[in-house]
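Next comes upload34.pdb, with PDB, C-alpha atoms.
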ATOM      1  CA  MET A   1       6.415  22.316  23.165
ATOM      2  CA  LYS A   2       4.339  19.248  23.980
ATOM      3  CA  ASN A   3       4.388  16.039  21.983
ATOM      4  CA  PHE A   4       1.710  15.446  19.374
ATOM      5  CA  LYS A   5      -0.862  12.639  19.483
ATOM      6  CA  GLY A   6      -3.071  11.399  16.685
ATOM      7  CA  ILE A   7      -4.221   8.577  14.489
ATOM      8  CA  ILE A   8      -2.682   6.965  11.446
ATOM      9  CA  ILE A   9      -4.868   4.452   9.632
ATOM     10  CA  GLU A  10      -2.472   1.725   8.582
ATOM     11  CA  GLU A  11      -4.485   0.904   5.443
ATOM     12  CA  SER A  12      -4.063   4.525   4.295
ATOM     13  CA  LEU A  13      -0.327   4.046   3.869
ATOM     14  CA  ALA A  14       1.388   2.905   0.698
ATOM     15  CA  ASP A  15       4.635   2.880   2.677
ATOM     16  CA  LYS A  16       4.044   1.571   6.199
ATOM     17  CA  SER A  17       7.642   2.118   7.358
ATOM     18  CA  ILE A  18       6.589   5.437   8.916
ATOM     19  CA  LEU A  19       4.988   3.397  11.708
ATOM     20  CA  ASP A  20       8.509   2.431  12.816
ATOM     21  CA  LYS A  21       9.320   6.121  13.348
ATOM     22  CA  VAL A  22       6.469   6.907  15.772
ATOM     23  CA  THR A  23       5.422   5.601  19.177
ATOM     24  CA  ILE A  24       2.262   3.505  18.879
ATOM     25  CA  LEU A  25       0.160   4.025  22.007
ATOM     26  CA  ALA A  26      -2.783   1.810  21.071
ATOM     27  CA  THR A  27      -4.372   0.011  18.144
ATOM     28  CA  ASP A  28      -8.053  -0.209  17.292
ATOM     29  CA  VAL A  29      -9.251  -2.408  14.428
ATOM     30  CA  GLU A  30     -12.555  -1.302  12.943
ATOM     31  CA  PRO A  31     -14.400  -3.382  10.319
ATOM     32  CA  VAL A  32     -15.174  -1.353   7.210
ATOM     33  CA  THR A  33     -18.825  -0.541   6.558
ATOM     34  CA  GLU A  34     -20.469   1.355   3.730
ATOM     35  CA  LYS A  35     -20.120   4.537   5.809
ATOM     36  CA  HIS A  36     -16.307   4.353   5.571
ATOM     37  CA  LYS A  37     -16.397   4.731   1.759
ATOM     38  CA  THR A  38     -13.363   2.431   1.422
ATOM     39  CA  PRO A  39     -14.745  -0.848   0.045
ATOM     40  CA  TRP A  40     -11.293  -1.930  -1.205
ATOM     41  CA  VAL A  41     -10.164  -2.646   2.391
ATOM     42  CA  LYS A  42     -11.792  -4.956   4.939
ATOM     43  CA  GLN A  43     -10.799  -2.981   8.033
ATOM     44  CA  TRP A  44      -9.252   0.213   9.328
ATOM     45  CA  THR A  45      -6.335  -0.420  11.657
ATOM     46  CA  LYS A  46      -6.190   2.806  13.637
ATOM     47  CA  ARG A  47      -2.791   3.387  15.202
ATOM     48  CA  MET A  48      -2.937   5.957  17.977
ATOM     49  CA  VAL A  49       0.499   7.509  17.895
ATOM     50  CA  GLU A  50       2.697   9.940  19.768
ATOM     51  CA  ILE A  51       5.272  12.066  17.987
ATOM     52  CA  PRO A  52       7.919  14.222  19.685
ATOM     53  CA  ALA A  53       7.333  17.899  18.987
ATOM     54  CA  ASN A  54      10.831  18.328  17.547
ATOM     55  CA  GLN A  55      10.121  15.602  14.957
ATOM     56  CA  ALA A  56       6.529  16.531  14.072
ATOM     57  CA  LEU A  57       7.173  18.448  10.847
ATOM     58  CA  ASN A  58       9.585  15.818   9.523
ATOM     59  CA  ILE A  59       7.125  13.008  10.342
ATOM     60  CA  ALA A  60       4.313  15.001   8.681
ATOM     61  CA  LYS A  61       6.397  15.312   5.492
ATOM     62  CA  ILE A  62       7.111  11.568   5.470
ATOM     63  CA  ILE A  63       3.421  10.742   5.987
ATOM     64  CA  SER A  64       2.446  13.134   3.180
ATOM     65  CA  LYS A  65       4.601  11.078   0.807
ATOM     66  CA  ALA A  66       3.555   7.713   2.291
ATOM     67  CA  LEU A  67      -0.231   8.044   1.892
ATOM     68  CA  ASN A  68      -1.800   5.674  -0.617
ATOM     69  CA  THR A  69      -3.539   7.406  -3.533
ATOM     70  CA  THR A  70      -4.539   4.289  -5.493
ATOM     71  CA  HIS A  71      -8.250   4.517  -4.633
ATOM     72  CA  GLY A  72      -8.578   8.174  -3.685
ATOM     73  CA  ALA A  73      -7.435  10.448  -0.902
ATOM     74  CA  TRP A  74      -6.554   9.733   2.717
ATOM     75  CA  TYR A  75      -5.280  11.965   5.465
ATOM     76  CA  ALA A  76      -3.584  11.596   8.822
ATOM     77  CA  ASP A  77      -3.493  14.064  11.663
ATOM     78  CA  PHE A  78      -1.965  14.663  15.041
ATOM     79  CA  LYS A  79      -2.200  17.500  17.528
ATOM     80  CA  ASN A  80      -1.033  18.856  20.834
ATOM     81  CA  SER A  81      -2.640  21.474  23.063
ATOM     82  CA  THR A  82      -1.797  24.372  20.714
ATOM     83  CA  HIS A  83      -1.284  23.066  17.155
ATOM     84  CA  HIS A  84      -2.697  20.475  14.783
ATOM     85  CA  TYR A  85      -1.052  18.888  11.754
ATOM     86  CA  ILE A  86      -3.513  17.704   9.100
ATOM     87  CA  ILE A  87      -1.663  15.812   6.408
ATOM     88  CA  PHE A  88      -2.770  15.007   2.873
ATOM     89  CA  THR A  89      -0.696  13.715  -0.033
ATOM     90  CA  GLY A  90       1.475  16.645  -1.061
ATOM     91  CA  LYS A  91      -0.114  19.127   1.369
ATOM     92  CA  ILE A  92       0.316  19.704   5.082
ATOM     93  CA  PHE A  93      -1.810  22.051   7.172
ATOM     94  CA  TYR A  94      -0.181  23.321  10.391
ATOM     95  CA  ILE A  95      -3.075  24.801  12.296
ATOM     96  CA  ASP A  96      -3.339  27.001  15.352
ATOM     97  CA  ARG A  97      -6.032  25.113  17.277
ATOM     98  CA  LYS A  98      -7.822  28.394  18.082
ATOM     99  CA  ASN A  99      -8.170  29.354  14.407
ATOM    100  CA  LYS A 100     -11.459  28.167  12.875
ATOM    101  CA  GLN A 101     -10.558  29.617   9.460
ATOM    102  CA  GLN A 102      -7.485  27.392   9.251
ATOM    103  CA  TYR A 103      -9.604  24.381  10.197
ATOM    104  CA  ASN A 104     -12.198  25.319   7.587
ATOM    105  CA  ALA A 105      -9.482  25.534   4.906
ATOM    106  CA  ALA A 106      -8.235  22.029   5.759
ATOM    107  CA  LYS A 107     -11.784  20.656   5.793
ATOM    108  CA  GLN A 108     -12.614  22.195   2.409
ATOM    109  CA  TYR A 109      -9.386  20.874   0.930
ATOM    110  CA  GLY A 110     -10.202  17.355   2.130
ATOM    111  CA  ILE A 111     -13.709  17.558   0.680
ATOM    112  CA  THR A 112     -12.308  18.658  -2.710
ATOM    113  CA  LEU A 113     -10.201  15.481  -2.681
ATOM    114  CA  GLY A 114     -13.351  13.389  -2.284
ATOM    115  CA  ILE A 115     -13.041  12.609   1.415
ATOM    116  CA  PRO A 116     -16.539  12.387   2.963
ATOM    117  CA  GLU A 117     -17.413  15.516   4.934
ATOM    118  CA  TYR A 118     -18.058  13.639   8.173
ATOM    119  CA  GLN A 119     -14.476  12.302   8.019
ATOM    120  CA  VAL A 120     -12.917  15.774   7.895
ATOM    121  CA  ASP A 121     -14.444  17.098  11.100
ATOM    122  CA  PHE A 122     -11.336  18.592  12.665
ATOM    123  CA  HIS A 123     -13.040  20.428  15.493
ATOM    124  CA  PRO A 124     -10.375  21.279  18.061
ATOM    125  CA  ASP A 125     -12.295  19.740  20.941
ATOM    126  CA  VAL A 126     -12.846  16.309  19.358
ATOM    127  CA  LYS A 127     -10.792  13.666  21.128
ATOM    128  CA  TYR A 128      -9.263  11.070  18.814
ATOM    129  CA  TRP A 129     -10.606   8.181  20.805
ATOM    130  CA  GLU A 130     -14.166   9.477  20.201
ATOM    131  CA  ARG A 131     -13.905   9.517  16.382
TER
END

Would you mind writing the file out in structure tokens?
Amino acid sequence: MKNFKGIIIEESLADKSILDKVTILATDVEPVTEKHKTPWVKQWTKRMVEIPANQALNIAKIISKALNTTHGAWYADFKNSTHHYIIFTGKIFYIDRKNKQQYNAAKQYGITLGIPEYQVDFHPDVKYWER
């Protein structure tokens, strides 16, 4: 199975030690605007990461516990050519990238947590660097 790649927003983490357990491929710092809906932080530090396939579930579980819930919900996600992990606090979706119903379930769950709809667009063809 191929390694997973995705984004972890550093400011979304209450426990940042998870970043020591993944390979950081690139970093993009984005100033926060009203559109982000996170006025309590000044920027989003997007860490593009790679995770070995044999560690993906364990890393997903650690991230699920590490997400900050002080001001609302966050998520992290990573994918390979066949599967996509979408990780919320206390809930992990492991999605077959060809299954729209599974994507819709993850999107609806994120919306119920208060995450803006445009931020939970998990379309399988979206490349992380384009988000």

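Proximity of A:Lys107, A:Lys98, A:Lys16, A:Lys5 to Thr45 in chain A, computed with only C-alpha atoms, is greatest for A:Lys16.
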
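Excluding range 22-39 of chain A itself and any same-chain residue fewer than 6 positions from it, the protein and nucleic acid residues within 9 Å of it, counting only C-alpha atoms, are A:Thr45, A:Lys46, A:Arg47, A:Met48, A:Val49, A:Glu50, A:Ile51, A:Pro52, A:Ile59, A:His71, A:Ile115, A:Pro116, A:Gln119.
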
Give me, as a compact mmCIF listing (two decimals) with C-alpha atoms, in the coordinates of the input, all polymer residues having an atom no more than 10 Å from Tyr103 in chain A, counting all atoms listed in the file and skipping those fewer than 5 positions away in the same chain.
# COMPACT_ATOMS: atom_id res chain seq x y z
CA HIS A 84 -2.70 20.48 14.78
CA ILE A 86 -3.51 17.70 9.10
CA PHE A 93 -1.81 22.05 7.17
CA TYR A 94 -0.18 23.32 10.39
CA ILE A 95 -3.08 24.80 12.30
CA ASP A 96 -3.34 27.00 15.35
CA ARG A 97 -6.03 25.11 17.28
CA LYS A 98 -7.82 28.39 18.08
CA GLN A 108 -12.61 22.20 2.41
CA TYR A 109 -9.39 20.87 0.93
CA VAL A 120 -12.92 15.77 7.90
CA ASP A 121 -14.44 17.10 11.10
CA PHE A 122 -11.34 18.59 12.66
CA HIS A 123 -13.04 20.43 15.49
CA PRO A 124 -10.38 21.28 18.06

Q: Decode the PyMOL selection byres ((chain A and resi 12) around 8) for the given file into explicit residues and return them as a ChimeraX atom specification.
A: /A:8-11,13-14,67-68,74-75

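Here the question is which of A:Ala53, A:Ile111, A:Ala66, A:Ala60 gets nearest to Ile92 in chain A using only C-alpha atoms, and that residue is A:Ala60.
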
Q.
Applying 10 Å and all atoms listed in the file, which residues near Lys61 in chain A remain after dropping the ones on its own chain fewer than 5 positions away? List them as a VMD selection string.
A. chain A and resid 56 66 87 to 92
